[in-house]
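Step one of this worksheet: look at the structure below.
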Amino acid sequence: MTSYIIRRILMGVIIIFLVTVMVFLFIRLLPGDPLTIYLNKTDMQQLTEEQLFELRVKFGLEKTLPAQYIDWLGGLFTGDFGRSIYYDIDVGLLVRERLPVTLYLGALAFIISGVLGLSFGVICALRRGTWIDTLVTLLANIGITMPSFWVGIILIYLLAVKAGWLPVSGFTSPFTDFWKSTRQIIMPVTCLALFPIASLTRLTRSSMLEVIQQDYIRTAWSKGLRERLIISRHTIKNALIPVVTVIGLQVAFIFGGSVLIETVFNINGIGRLMTQAVQNQDYLIVQAGTLIIAIMVVLSNLTVDISYGWLDPRIRYD
Amino acid sequence: MPPLLSVYNLKTYFHTYRGLVKAVDGVSFDINEKEIVGVVGESGCGKSVSMLSVLQLISSPPGEIVDGKVIFEGQDLLQYQPKGETMSSIRGARIAMIFQEPMTSLNPVLTIGRQLTEGLEVHLSMNPQSARERVVELLRLVGIPDAKGRLDAYPHQFSGGMRQRVMIAMALSCNPRILIADEPTTAVDVTTQAQLLELMQDMVVRFKTSLVIVTHNLGVVARYAERIYVMYSGRIVESGLADDIFLNPLHPYTIGLLKCVPQLGETRKERKLVPIQGLPPNLINMPSSCAFLPRCDRARDICRQKPWPSLELIEGQHYVACFRDGPETP
């Protein structure tokens, strides 16, 4: 078990390394020069060649690509993410400021989707063929087909603009004003959680229905156990095995979704920071953001693989 | 003394997309105390479904018990809800069951100990500690070596025969009055088969339990059963004491079955194994005449004209559902 985890962590490190190389290269392959955007912004067209070169030196852009990469990687080990070209401040500072917002929204969406998705799925399977199953399955099918940003826009139009119940956009820390913060995050969290809820509901339902037909469930009935015990002890753990894989994938989905949702709802999280950074060709922010997402995904996959062992004793790690 | 379990005119139908399948169509049988009864028939003849219907373990939909009575200890079990409290208090505690597939009949994610103790905790209100002690004792009884150490093992760490021993221990744990073994030895090799049957016989004698062996293997019932029911296409076609069936079989189907069984000491010249020609009938849209008619080598005009005859007493406890050598024209 321990050697398996160590092996998986080493593989994760390699994956993250490859991701950093690719992102580093691809963002630089895009046409354009980050300095021109920076200069347009500061409206200093009349810089001399020498001054321009000084700026390049300031952001380390005069070096060769491998040298730039090694500079960046070396900095990472000392906790230095480099300096943003566009904002002209430390990337580490920006990330520290923006990441908690995304994590807060993402964690809420993750927990809500897990709780609701699993409960809906179990209820549908147990009440198969009844009106509640039909209704929830229909809603789940609608849920997985609707793009989250589109739902976001519709929600803003209906709940904020038309009805005026919720603020249109923005984000406030729950520590400064909890009530205002909660009202602001209802719509973005709903959008982030919608697809995960829908897909988890569908998967849990079909997985439960499959397990309910197994021979060992009939054995459990033949022992004279009551339905509640059969569901909680004999069915759910078996049904969770395929569901856990998807729960792990939801981490990646929610992080990816935050890029869109934070833009729609004007929330200053890491997702919005990254979209803007791509537009501004702010290399180091894109690199830092991608690195963080890659680490999250690798960690969630590792958690999924380890939790298999807890769910299914037939899985061995050696 | 009335029988321990009496099933009257049981009908279990399955509603499928291709039509109504009358898997069990008017089956009646009795199980007496401390008796070993064999139920024999080909795959799909309704023997398993009959037994599952007794405990209302038919999944519904598509299955439905449409008619009949299951009288156990003076009460009709079919009047109770399949998922209700009364049925649960009878299953496992009063009537227990062993299934065909030992590989899939145990829950893969729960330990053997957990799966064995839960019945005791539910039916006999044992605390976990004394339930575990009782389970260790049971596992020793069914011949699991190192019973105590194996309690925390999972089903995949046991062989097929060992799992079936675990199933036997599980079924007997609450000391039921009737043990229904649904093809308990089909999925294991011949040596293990014999060991398991001996074990079951020992156990039911020790626990004073009645045993119903459902099988397609006549050799199994010949050795252990005191009474035998022969089923064909959802009905009982012949029943009687083991001697009646083996020494004086009357239904062409029973005769055919016996011709397929090799006997020890017979040389090849003396007798050939004769398979029954044809296939079991499709249970959808059955004709009203005898279901065995298309395969019967003694079919006569009356068989084609009249509906399937009901069971008729020949002598003693020997019943058969066949026109046999009765008058040719009605």
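Identifiers for the structure tokens are assigned positionally: chains receive A, B, ... in sequence, residues are indexed from 1 per chain, and ligands are indexed from 1 in the order shown.
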
| query | For chain B, which residues have at least one atom within 6 Å of chain A, if we go by only C-alpha atoms? Write them as a ChimeraX atom specification, please. | reply | /B:88-89,91-92,104-107,109

| field | Backbone-only DSSP, alpha helix (DSSP H) members of stretch 50-265 of chain A, as JSON, numbers by chain | value | {"A": [50, 51, 52, 53, 54, 55, 56, 57, 58, 65, 66, 67, 68, 69, 70, 71, 72, 73, 74, 75, 76, 77, 91, 92, 93, 94, 95, 96, 97, 98, 99, 100, 101, 102, 103, 104, 105, 106, 107, 108, 109, 110, 111, 112, 113, 114, 115, 116, 117, 118, 119, 120, 121, 122, 123, 124, 125, 126, 131, 132, 133, 134, 135, 136, 137, 138, 139, 140, 141, 142, 143, 144, 145, 148, 149, 150, 151, 152, 153, 154, 155, 178, 179, 180, 181, 182, 183, 184, 185, 186, 187, 188, 189, 190, 191, 192, 193, 194, 195, 196, 197, 198, 199, 200, 201, 202, 203, 204, 205, 206, 207, 208, 209, 210, 211, 212, 215, 216, 217, 218, 219, 220, 221, 222, 227, 228, 229, 236, 237, 238, 239, 240, 241, 242, 243, 244, 245, 246, 247, 248, 249, 250, 251, 252, 253, 254, 255, 256, 257, 258, 259, 260, 261, 262, 263, 264]}

| said: Under the rule that only C-alpha atoms are counted, which of B:Gly256, B:Gly149, B:Gly19, B:Pro3 is the nearest residue to B:Asn285? | reply: B:Gly19

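With only C-alpha atoms as the atoms that count, the residue of A:Leu249, A:Ile186, A:Ile37, A:Cys191 with the shortest distance to A:Thr303 is A:Leu249.
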
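Closest approach to B:Phe246 among B:Leu218, B:Asp25, B:Lys272, B:Ile90 is made by B:Leu218 (distances from only C-alpha atoms).
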
| task | For A:Glu62, please output as a list in words all residues within 12 Å (counting only C-alpha atoms; exclusion window: fewer than 6 positions along the same chain). | result | Leu35, Leu52, Phe53, Glu54, Leu55, Arg56 and Gln68 of chain A

Could you write those residues out with N, CA and C atoms, as a compact mmCIF listing (two decimals), in the first residue's frame?
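As written to disk, result_17.txt reads:
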# COMPACT_ATOMS: atom_id res chain seq x y z
N LEU A 35 4.85 42.12 -23.97
CA LEU A 35 5.28 43.49 -23.69
C LEU A 35 4.44 44.51 -24.44
N LEU A 52 13.21 49.29 -23.88
CA LEU A 52 12.47 48.07 -24.12
C LEU A 52 13.25 46.85 -23.68
N PHE A 53 14.54 46.84 -24.01
CA PHE A 53 15.38 45.72 -23.64
C PHE A 53 15.48 45.61 -22.12
N GLU A 54 15.54 46.77 -21.47
CA GLU A 54 15.58 46.76 -20.00
C GLU A 54 14.36 46.08 -19.43
N LEU A 55 13.20 46.40 -20.05
CA LEU A 55 11.95 45.77 -19.60
C LEU A 55 12.01 44.26 -19.79
N ARG A 56 12.55 43.86 -20.98
CA ARG A 56 12.67 42.42 -21.23
C ARG A 56 13.53 41.76 -20.15
N GLN A 68 14.69 30.37 -19.56
CA GLN A 68 13.50 30.94 -18.90
C GLN A 68 12.77 29.87 -18.08

| query | Do you know which residues are at most 10 Å from B:Ile112 counting only C-alpha atoms, after dropping those on the same chain fewer than 3 positions away, and could you put them as a count of residues only? | reply | 21

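Pairwise distance (atom CA of A:Val304, atom CA of A:Thr190) equals 24.2 Å.
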
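The space separating atom CA of A:Gln287 from atom CA of A:Ala109 comes to 24.9 Å.
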
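Across A:Leu105, A:Leu284, A:Val211, A:Ile15, the tightest approach to A:Gly75 is made by A:Leu284 when counting only C-alpha atoms.
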
| message | Which residues are close to B:Ile284, i.e. within 6 Å by only C-alpha atoms, leaving aside same-chain residues fewer than 2 positions away? Reply as a list in words. | response | Leu20, Val21, Asn282 and Met286 of chain B

| query | If we count only C-alpha atoms, what is near stretch 176-192 of chain B at a cut-off of 6 Å, once residues fewer than 6 positions away on the same chain are taken out, given as a PyMOL selection string? | reply | chain B and resi 93-100+209-215
